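Reviewing the structure listed below.
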Amino acid sequence: MATDTTYRELIDLERYPIEDLAQAPAEALIARCQADLAASGATVLEGFVKPEPLAGVIEEVAPHLGDAFYKVKHHNPYLIADDPDHGEGHPRNRRLMTDSATLACDLIPKDCRLDRIYRWPPLHAFIAKVLGFAELHPYADPLAALNILVYEPGSQTNWHFDNANFVVTLMLRQGRAGGAYQYAPFIRGGEEEFDRVGAVLDGEEAGVLELKQDPGALVLFQGRNTLHRVTPVEGEVSRLVAVFTYDPEPGKILAEHTRRTFYGRAA
């Protein structure tokens, strides 16, 4: 069982005082994060995990990265079935390719540093407060709860909108080059603006931002209405991102077909 001392060693709690959310410093941090989300759909807590323990986090999971499930997905920006009312080249149905590997939760050592951070109740309470939920719970799904995305050189996540309400990630390691997280905030609103989406897909840079996140950064991102991607990773070092998955209701389990899509297996 990890102690409070353990979390003080792992997380910069002086900079991010999330142990007591009723205190003024925590309230100010929550307000700052909420303002970031309202402005751009993203908030970044740089240095959330301290540099030295972050090296230990990577050391604990490194022997298991070779077991990550590699997948190639061909998809449109909306990650749903194509709309027959529009042609193949239309922004609604534009064919894109994403490739990366996912290390499932059951392959990440239990009670390792990364697992402890993911399951720490004060972190759940903080994220819930920022996002406006009464509470958040770790997934009960043995594959989907805590994942690591592994971007080998040349791999990428192409332009898309998320289906989830929010995503929480912890940057573990950047590649030598490339691997930029680019996003066009709130490009999707009450009505679909396919011209704006098409412009981004065609390479238009106006309105496209880059989310800066160094190793150790905790990121809260709301991508349902924000088009975003990770550009191809370059060099000889893989990009590693931990994904912390939570839900307002306890006991969340993915459907079997979803597990097979993301992990290549149902259990």
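Residue numbering restarts at 1 in every chain; chains get A, B, ... in the order shown in the structure tokens, and ligands count up from 1 in that same order.
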
List every residue of region 150-235 of chain A that has an atom at most 8 Å from any atom of region 54-65 of chain A, and for each one report the closest atom pair and its distance in Å to one decimal, counting only C-alpha atoms, with rows sorted by chain and then by increasing residue number, as JSON lines.
{"residue": "A:Val150", "atom": "CA", "partner": "A:Leu65", "partner_atom": "CA", "distance": 7.5}
{"residue": "A:Leu172", "atom": "CA", "partner": "A:Ile58", "partner_atom": "CA", "distance": 7.0}
{"residue": "A:Pro215", "atom": "CA", "partner": "A:Leu54", "partner_atom": "CA", "distance": 8.0}
{"residue": "A:Gly216", "atom": "CA", "partner": "A:Leu54", "partner_atom": "CA", "distance": 6.5}

Contact table region 69-122 of chain A vs region 229-250 of chain A, cut-off 10 Å, shortest pair per residue, only C-alpha atoms, as a Markdown table:
| residue | atom | partner | partner_atom | distance |
| --- | --- | --- | --- | --- |
| A:Pro77 | CA | A:Arg229 | CA | 10.0 |
| A:Thr98 | CA | A:Val230 | CA | 9.4 |
| A:Asp99 | CA | A:Pro232 | CA | 9.4 |
| A:Ser100 | CA | A:Arg239 | CA | 9.9 |
| A:Ala101 | CA | A:Leu240 | CA | 9.9 |
| A:Thr102 | CA | A:Ala242 | CA | 9.6 |
| A:Leu103 | CA | A:Ala242 | CA | 9.2 |
| A:Cys105 | CA | A:Val243 | CA | 9.9 |
| A:Leu114 | CA | A:Ala242 | CA | 8.3 |
| A:Asp115 | CA | A:Phe244 | CA | 9.4 |
| A:Ile117 | CA | A:Phe244 | CA | 9.3 |
| A:Tyr118 | CA | A:Phe244 | CA | 6.1 |
| A:Arg119 | CA | A:Phe244 | CA | 9.0 |

Taking 6 positions as the minimum chain separation for residues in the same chain, which residues sit within 9 Å of region 78-80 of chain A when counting only C-alpha atoms? Answer as a list in words.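 My reading of the contact set: Arg92, Asn93, Trp159, His160, Phe161, Asp162 and Asn163 of chain A.
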
Any chance you could export the current selection's N, CA, C and O atoms as a PDB file, in the first residue's frame?
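Result file follows (result34.pdb):
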ATOM      1  N   ARG A  92     -16.445  14.899 -44.144  1.00  0.00           N
ATOM      2  CA  ARG A  92     -17.160  13.989 -43.254  1.00  0.00           C
ATOM      3  C   ARG A  92     -16.676  12.554 -43.398  1.00  0.00           C
ATOM      4  O   ARG A  92     -16.654  11.794 -42.414  1.00  0.00           O
ATOM      5  N   ASN A  93     -16.278  12.172 -44.611  1.00  0.00           N
ATOM      6  CA  ASN A  93     -15.908  10.785 -44.887  1.00  0.00           C
ATOM      7  C   ASN A  93     -14.448  10.609 -45.275  1.00  0.00           C
ATOM      8  O   ASN A  93     -14.055   9.516 -45.706  1.00  0.00           O
ATOM      9  N   TRP A 159      -5.938  13.030 -37.767  1.00  0.00           N
ATOM     10  CA  TRP A 159      -6.959  13.982 -37.355  1.00  0.00           C
ATOM     11  C   TRP A 159      -8.262  13.280 -36.988  1.00  0.00           C
ATOM     12  O   TRP A 159      -8.750  12.428 -37.720  1.00  0.00           O
ATOM     13  N   HIS A 160      -8.856  13.686 -35.863  1.00  0.00           N
ATOM     14  CA  HIS A 160     -10.130  13.099 -35.436  1.00  0.00           C
ATOM     15  C   HIS A 160     -10.753  13.921 -34.318  1.00  0.00           C
ATOM     16  O   HIS A 160     -10.074  14.718 -33.663  1.00  0.00           O
ATOM     17  N   PHE A 161     -12.029  13.685 -34.105  1.00  0.00           N
ATOM     18  CA  PHE A 161     -12.744  14.162 -32.927  1.00  0.00           C
ATOM     19  C   PHE A 161     -12.925  12.972 -31.988  1.00  0.00           C
ATOM     20  O   PHE A 161     -13.176  11.843 -32.444  1.00  0.00           O
ATOM     21  N   ASP A 162     -12.820  13.199 -30.687  1.00  0.00           N
ATOM     22  CA  ASP A 162     -13.049  12.122 -29.728  1.00  0.00           C
ATOM     23  C   ASP A 162     -14.538  11.847 -29.568  1.00  0.00           C
ATOM     24  O   ASP A 162     -15.374  12.744 -29.679  1.00  0.00           O
ATOM     25  N   ASN A 163     -14.853  10.592 -29.250  1.00  0.00           N
ATOM     26  CA  ASN A 163     -16.210  10.241 -28.859  1.00  0.00           C
ATOM     27  C   ASN A 163     -16.395  10.396 -27.346  1.00  0.00           C
ATOM     28  O   ASN A 163     -17.509  10.566 -26.864  1.00  0.00           O
TER      29      ASN A 163
END

Could you give me, as a PDB file with all heavy atoms, in the first residue's frame, the residues within 8 Å of Phe186 (chain A), counting only C-alpha atoms and dropping anything in the same chain fewer than 3 positions from it?
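The resulting file, part.pdb, is shown below:
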ATOM      1  N   SER A  40      -9.570  26.753 -24.624  1.00  0.00           N
ATOM      2  CA  SER A  40      -8.990  25.970 -25.720  1.00  0.00           C
ATOM      3  C   SER A  40      -9.328  24.485 -25.684  1.00  0.00           C
ATOM      4  O   SER A  40      -8.903  23.744 -26.571  1.00  0.00           O
ATOM      5  CB  SER A  40      -7.465  26.120 -25.714  1.00  0.00           C
ATOM      6  OG  SER A  40      -6.902  25.475 -24.579  1.00  0.00           O
ATOM      7  N   GLY A  41     -10.036  24.028 -24.657  1.00  0.00           N
ATOM      8  CA  GLY A  41     -10.361  22.600 -24.568  1.00  0.00           C
ATOM      9  C   GLY A  41      -9.263  21.753 -23.981  1.00  0.00           C
ATOM     10  O   GLY A  41      -9.367  20.530 -23.952  1.00  0.00           O
ATOM     11  N   GLY A 189     -19.189  22.700 -33.748  1.00  0.00           N
ATOM     12  CA  GLY A 189     -20.133  23.315 -32.821  1.00  0.00           C
ATOM     13  C   GLY A 189     -21.515  22.730 -32.961  1.00  0.00           C
ATOM     14  O   GLY A 189     -21.686  21.540 -33.201  1.00  0.00           O
ATOM     15  N   ASN A 225     -15.321  18.221 -29.591  1.00  0.00           N
ATOM     16  CA  ASN A 225     -15.558  19.270 -30.576  1.00  0.00           C
ATOM     17  C   ASN A 225     -14.277  19.910 -31.086  1.00  0.00           C
ATOM     18  O   ASN A 225     -14.318  20.948 -31.737  1.00  0.00           O
ATOM     19  CB  ASN A 225     -16.465  20.354 -29.982  1.00  0.00           C
ATOM     20  CG  ASN A 225     -17.846  19.822 -29.664  1.00  0.00           C
ATOM     21  OD1 ASN A 225     -18.411  19.041 -30.425  1.00  0.00           O
ATOM     22  ND2 ASN A 225     -18.393  20.235 -28.538  1.00  0.00           N
ATOM     23  N   THR A 226     -13.150  19.290 -30.765  1.00  0.00           N
ATOM     24  CA  THR A 226     -11.846  19.817 -31.159  1.00  0.00           C
ATOM     25  C   THR A 226     -11.118  18.788 -32.015  1.00  0.00           C
ATOM     26  O   THR A 226     -10.820  17.681 -31.556  1.00  0.00           O
ATOM     27  CB  THR A 226     -11.009  20.162 -29.914  1.00  0.00           C
ATOM     28  OG1 THR A 226     -11.602  21.285 -29.255  1.00  0.00           O
ATOM     29  CG2 THR A 226      -9.580  20.507 -30.284  1.00  0.00           C
ATOM     30  N   LEU A 227     -10.843  19.138 -33.251  1.00  0.00           N
ATOM     31  CA  LEU A 227     -10.105  18.268 -34.154  1.00  0.00           C
ATOM     32  C   LEU A 227      -8.649  18.226 -33.708  1.00  0.00           C
ATOM     33  O   LEU A 227      -8.042  19.266 -33.433  1.00  0.00           O
ATOM     34  CB  LEU A 227     -10.206  18.825 -35.579  1.00  0.00           C
ATOM     35  CG  LEU A 227      -9.798  17.922 -36.743  1.00  0.00           C
ATOM     36  CD1 LEU A 227     -10.709  16.705 -36.832  1.00  0.00           C
ATOM     37  CD2 LEU A 227      -9.839  18.714 -38.053  1.00  0.00           C
TER      38      LEU A 227
END

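Here the strand (DSSP E or B) residues in region 19-127 of chain A, by DSSP on the backbone, are Ala42, Thr43, Val44, Leu45, Val49, Phe69, Tyr70, Lys71, Val72, Lys73, His74, His75, Leu96, Met97, Thr98, Asp99, Ser100, Ala101, Thr102 and Leu103 of chain A.
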
(request) Find the residues near Val208 (chain A): any atom within 8 Å, counting only C-alpha atoms, skip ones fewer than 4 places away on the same chain, and give them as a list in words. (result) Gln182, Tyr183, Ala184, Pro185, Val200 and Glu204 of chain A

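Coordinates place CA of His137 (chain A) at a distance of 27.5 Å from CA of Tyr70 (chain A).
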
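Using only C-alpha atoms for every distance, the candidate list A:Ile127, A:Val72, A:Leu209, A:Ile18 yields A:Val72 as the residue closest to Tyr151 (chain A).
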
For Val44 (chain A), find every residue with an atom within 7 Å (counting only C-alpha atoms), except residues of its own chain fewer than 4 positions away, and show them as a PyMOL selection string.
chain A and resi 213+217-220

Practice item. Run DSSP on the backbone and give me the residues of region 83-167 of chain A it puts in alpha helix (DSSP H), as a count of residues only. Key: 17

Restricting to only C-alpha atoms, whichever of A:Ala180, A:Ala199, A:Leu136, A:Ile30 is closest to Tyr16 (chain A) is A:Ile30

Counting only C-alpha atoms, closest pick from A:Gly66, A:Ala22, A:Leu107, A:Ile187 relative to Ala144 (chain A) is A:Leu107

Can you pull out every residue within 12 Å of Leu143 (chain A), counting only C-alpha atoms, but drop anything in the same chain fewer than 6 positions away, and send it as a PyMOL selection string? chain A and resi 68-69+102-108+243-245+252-256+258-267

One residue among A:Ala28, A:Leu10, A:Val168, A:Ile148 is nearest to Arg113 (chain A) when using only C-alpha atoms, and that residue is A:Leu10

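The closest residue to Glu192 (chain A), picked from A:Pro142, A:Pro91, A:Gly175, A:Pro122 and counting only C-alpha atoms, is A:Pro91.
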